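The data block below is model_21.txt; it holds compact mmCIF, C-alpha atoms.
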```txt
# COMPACT_ATOMS: atom_id res chain seq x y z
CA MET A 138 -20.44 35.51 -35.87
CA ARG A 139 -19.15 32.31 -37.40
CA SER A 140 -16.57 31.78 -34.63
CA ARG A 141 -19.32 32.20 -32.02
CA ARG A 142 -21.43 29.50 -33.71
CA THR A 143 -18.39 27.24 -33.86
CA ALA A 144 -17.69 27.85 -30.16
CA VAL A 145 -21.30 27.05 -29.27
CA ALA A 146 -21.23 23.90 -31.42
CA VAL A 147 -17.95 22.78 -29.84
CA ALA A 148 -19.31 23.46 -26.34
CA GLY A 149 -22.41 21.43 -27.18
CA LEU A 150 -20.35 18.51 -28.46
CA MET A 151 -18.15 18.63 -25.37
CA ALA A 152 -21.21 18.55 -23.12
CA LEU A 153 -22.36 15.38 -24.89
CA ALA A 154 -18.92 13.77 -24.68
CA LEU A 155 -18.21 14.59 -21.01
CA PRO A 156 -20.52 11.98 -19.43
CA ALA A 157 -18.98 9.18 -21.51
CA ALA A 158 -15.47 10.44 -20.78
CA ALA A 159 -16.24 10.70 -17.07
CA GLN A 160 -17.14 7.01 -17.01
CA ARG A 161 -13.70 6.19 -18.36
CA ALA A 162 -11.74 8.54 -16.10
CA ALA A 163 -8.73 6.88 -14.54
CA ILE A 164 -9.47 5.51 -11.10
CA GLN A 165 -6.57 5.67 -8.70
CA PRO A 166 -5.90 2.14 -7.37
CA ASP A 167 -5.38 3.18 -3.73
CA SER A 168 -8.58 5.20 -3.54
CA ALA A 169 -10.46 2.52 -5.49
CA ARG A 170 -9.48 -0.11 -2.92
CA VAL A 171 -10.61 2.15 -0.06
CA GLN A 172 -13.92 2.81 -1.84
CA ILE A 173 -14.45 -0.89 -2.58
CA ARG A 174 -13.81 -1.85 1.05
CA ALA A 175 -16.34 0.79 2.18
CA VAL A 176 -18.92 -0.64 -0.25
CA LEU A 177 -18.17 -4.17 1.01
CA ARG A 178 -18.67 -3.11 4.65
CA ALA A 179 -22.02 -1.52 3.73
CA PHE A 180 -22.97 -4.63 1.76
CA TYR A 181 -22.31 -7.00 4.67
CA LEU A 182 -24.05 -4.68 7.18
CA ASN A 183 -27.14 -4.44 4.95
CA LEU A 184 -27.07 -8.17 4.25
CA GLU A 185 -26.94 -8.99 7.97
CA SER A 186 -29.81 -6.62 8.73
CA GLN A 187 -31.70 -7.82 5.63
CA ASN A 188 -32.02 -4.27 4.30
CA TRP A 189 -32.84 -5.31 0.74
CA GLY A 190 -33.57 -1.76 -0.45
CA ALA A 191 -30.12 -0.57 0.58
CA LEU A 192 -28.51 -3.64 -0.99
CA SER A 193 -30.26 -3.10 -4.30
CA ALA A 194 -28.78 0.41 -4.57
CA TYR A 195 -25.33 -1.20 -4.98
CA VAL A 196 -26.34 -3.60 -7.76
CA LEU A 197 -25.86 -2.58 -11.37
CA SER A 198 -28.61 -3.83 -13.62
CA PRO A 199 -27.69 -5.59 -16.87
CA LYS A 200 -29.54 -2.86 -18.82
CA LEU A 201 -27.25 -0.17 -17.39
CA LEU A 202 -24.23 -2.35 -18.06
CA GLU A 203 -25.21 -2.56 -21.74
CA ARG A 204 -25.65 1.23 -21.97
CA ARG A 205 -22.26 2.19 -20.57
CA GLY A 206 -19.61 3.64 -22.82
CA ALA A 207 -19.96 6.09 -25.66
CA PRO A 208 -22.91 5.77 -28.03
CA GLY A 209 -22.15 3.09 -30.59
CA ASP A 210 -19.24 1.75 -28.52
CA LEU A 211 -19.84 -1.92 -29.12
CA GLN A 212 -16.31 -2.80 -27.98
CA THR A 213 -17.12 -1.88 -24.36
CA ALA A 214 -20.23 -4.06 -24.23
CA ALA A 215 -18.44 -6.96 -25.94
CA ARG A 216 -15.48 -6.71 -23.53
CA ASP A 217 -17.82 -6.55 -20.54
CA ARG A 218 -19.70 -9.67 -21.63
CA ALA A 219 -16.44 -11.56 -22.21
CA ARG A 220 -15.13 -11.06 -18.67
CA GLY A 221 -15.05 -14.24 -16.65
CA ARG A 222 -17.23 -14.89 -13.66
CA GLY A 223 -15.04 -17.54 -12.12
CA SER A 224 -12.48 -16.82 -9.47
CA SER A 225 -9.06 -16.15 -10.86
CA HIS A 226 -7.44 -14.82 -7.71
CA ALA A 227 -9.33 -16.12 -4.70
CA ALA A 228 -8.26 -14.69 -1.39
CA THR A 229 -6.58 -17.14 0.87
CA ALA A 230 -9.18 -18.62 3.16
CA PRO A 231 -8.30 -18.25 6.84
CA MET A 232 -6.35 -21.23 8.23
CA THR A 233 -8.58 -21.36 11.30
CA CYS A 234 -11.89 -19.66 11.74
CA PRO A 235 -12.10 -17.08 14.49
CA SER A 236 -15.07 -17.10 16.84
CA SER A 237 -16.60 -14.29 14.76
CA THR A 238 -18.10 -15.25 11.41
CA SER A 239 -17.68 -11.70 10.09
CA PRO A 240 -16.21 -11.36 6.61
CA MET A 241 -12.60 -10.19 6.65
CA VAL A 242 -13.02 -7.10 4.47
CA ASP A 243 -9.58 -5.74 5.37
CA GLU A 244 -8.06 -8.98 4.03
CA ALA A 245 -9.97 -8.81 0.74
CA ALA A 246 -7.99 -9.52 -2.43
CA ILE A 247 -8.86 -6.78 -4.92
CA ARG A 248 -7.71 -6.94 -8.53
CA LEU A 249 -8.39 -3.79 -10.53
CA ASP A 250 -8.65 -3.48 -14.30
CA GLY A 251 -9.63 0.09 -15.10
CA ASP A 252 -13.23 0.50 -13.98
CA TRP A 253 -13.62 -3.21 -13.16
CA ALA A 254 -12.70 -5.01 -9.95
CA GLU A 255 -12.53 -8.68 -9.02
CA VAL A 256 -12.85 -9.04 -5.26
CA SER A 257 -12.47 -12.03 -2.98
CA VAL A 258 -13.30 -11.67 0.72
CA PRO A 259 -12.24 -14.43 3.17
CA ARG A 260 -15.11 -15.57 5.40
CA CYS A 261 -15.97 -18.38 7.76
CA CYS A 262 -19.28 -20.17 7.89
CA GLY A 263 -19.32 -22.31 11.01
CA ALA A 264 -15.99 -24.11 11.14
CA SER A 265 -15.53 -23.92 7.36
CA ALA A 266 -13.32 -21.30 5.76
CA GLY A 267 -13.96 -19.92 2.30
CA ALA A 268 -14.31 -16.69 0.37
CA ASP A 269 -17.09 -14.54 -1.04
CA GLU A 270 -16.48 -13.56 -4.67
CA PHE A 271 -17.60 -10.30 -6.27
CA ARG A 272 -17.23 -8.55 -9.60
CA MET A 273 -17.70 -4.80 -9.43
CA LEU A 274 -17.87 -1.93 -11.90
CA TYR A 275 -17.20 1.74 -11.24
CA PHE A 276 -20.32 3.35 -12.69
CA GLU A 277 -21.85 6.78 -12.06
CA GLU A 278 -19.05 7.66 -9.64
CA ARG A 279 -19.36 4.64 -7.35
CA TRP A 280 -18.54 0.94 -7.23
CA ARG A 281 -21.46 -1.38 -7.94
CA PHE A 282 -21.88 -5.14 -7.91
CA ILE A 283 -22.45 -6.98 -11.15
CA TYR A 284 -21.77 -10.48 -9.78
CA THR A 285 -21.82 -12.01 -6.30
CA ASP A 286 -21.05 -15.53 -5.12
CA LEU A 287 -21.35 -15.87 -1.34
CA PHE A 288 -19.51 -18.70 0.38
CA GLU A 289 -21.59 -21.38 2.08
CA ALA A 290 -20.26 -24.19 4.21
CA PRO A 291 -21.04 -27.74 3.15
CA PRO A 292 -24.36 -28.87 4.71
CA SER A 293 -22.57 -31.28 7.06
CA GLU A 294 -20.52 -28.43 8.60
CA ARG A 295 -23.24 -25.84 9.23
```

Just give me the structure as structure tokens.
Amino acid sequence: MRSRRTAVAVAGLMALALPAAAQRAAIQPDSARVQIRAVLRAFYLNLESQNWGALSAYVLSPKLLERRGAPGDLQTAARDRARGRGSSHAATAPMTCPSSTSPMVDEAAIRLDGDWAEVSVPRCCGASAGADEFRMLYFEERWRFIYTDLFEAPPSER
């Protein structure tokens, strides 16, 4: 009887630990890049069509960001807050802007760090070339935005 109680207790503890462990599961870099590019394409499509409801589904709220990790895991929250928001790897802006102003998602520079991604997408705005900057987190089995900085041409070049 005692071994059965132990087995039930262990199963219960494992059930509690699995969601936290699932959040930390290793993300394969190749599949992560494919997933991120798919999210970026959806983001730009929804932005262009001004589908704010669909866009909001990809944004991770600060409250959820604070809750991630195992209970009492203050290291995760502290590390998350310490991550920079500035560009450290900006994608090379196109030398000349094509006639299309579409973001160049296939040319995006993606730097992965576990469940975090820094993404820079080259884009033209009028005749000006620049890059959109994103910070993303893999949370609840999908990539979500935690920071966006969309490129805008200087007022004189719009």

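Restricting the calculation to all atoms listed in the file, the smallest distance between Arg281 of chain A and any of A:Gly251, A:Ile164, A:Ser239, A:Val196 is found for A:Val196.
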
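Distance-wise, atom CA of Cys261 of chain A and atom CA of Met273 of chain A end up 22.0 Å apart.
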
Distance of atom CA of Ile283 of chain A from atom CA of Ser168 of chain A, expressed in Å to one decimal place: 20.0 Å

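Distance annotation: of A:Asp269, A:Asp167, A:Glu244, A:Glu277, the residue with the minimal separation from Phe180 of chain A is A:Asp269; atom set is all atoms listed in the file.
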
Of the candidates A:Cys262, A:Glu278, A:Ile247, A:Pro291, which one gets nearest to Val171 of chain A if we count all atoms listed in the file? A:Ile247

Can you work out the spacing between atom CA of Trp280 of chain A and atom CA of Val258 of chain A in Å, to one decimal? 15.8 Å

Would you list the residues near (-27.9, 1.7, -0.4), meaning any protein, DNA or RNA residue with an atom at most 12 Å from that point in file coordinates, counting all atoms listed in the file, as number ranges by chain? A: 175-184, 187-197, 279-282
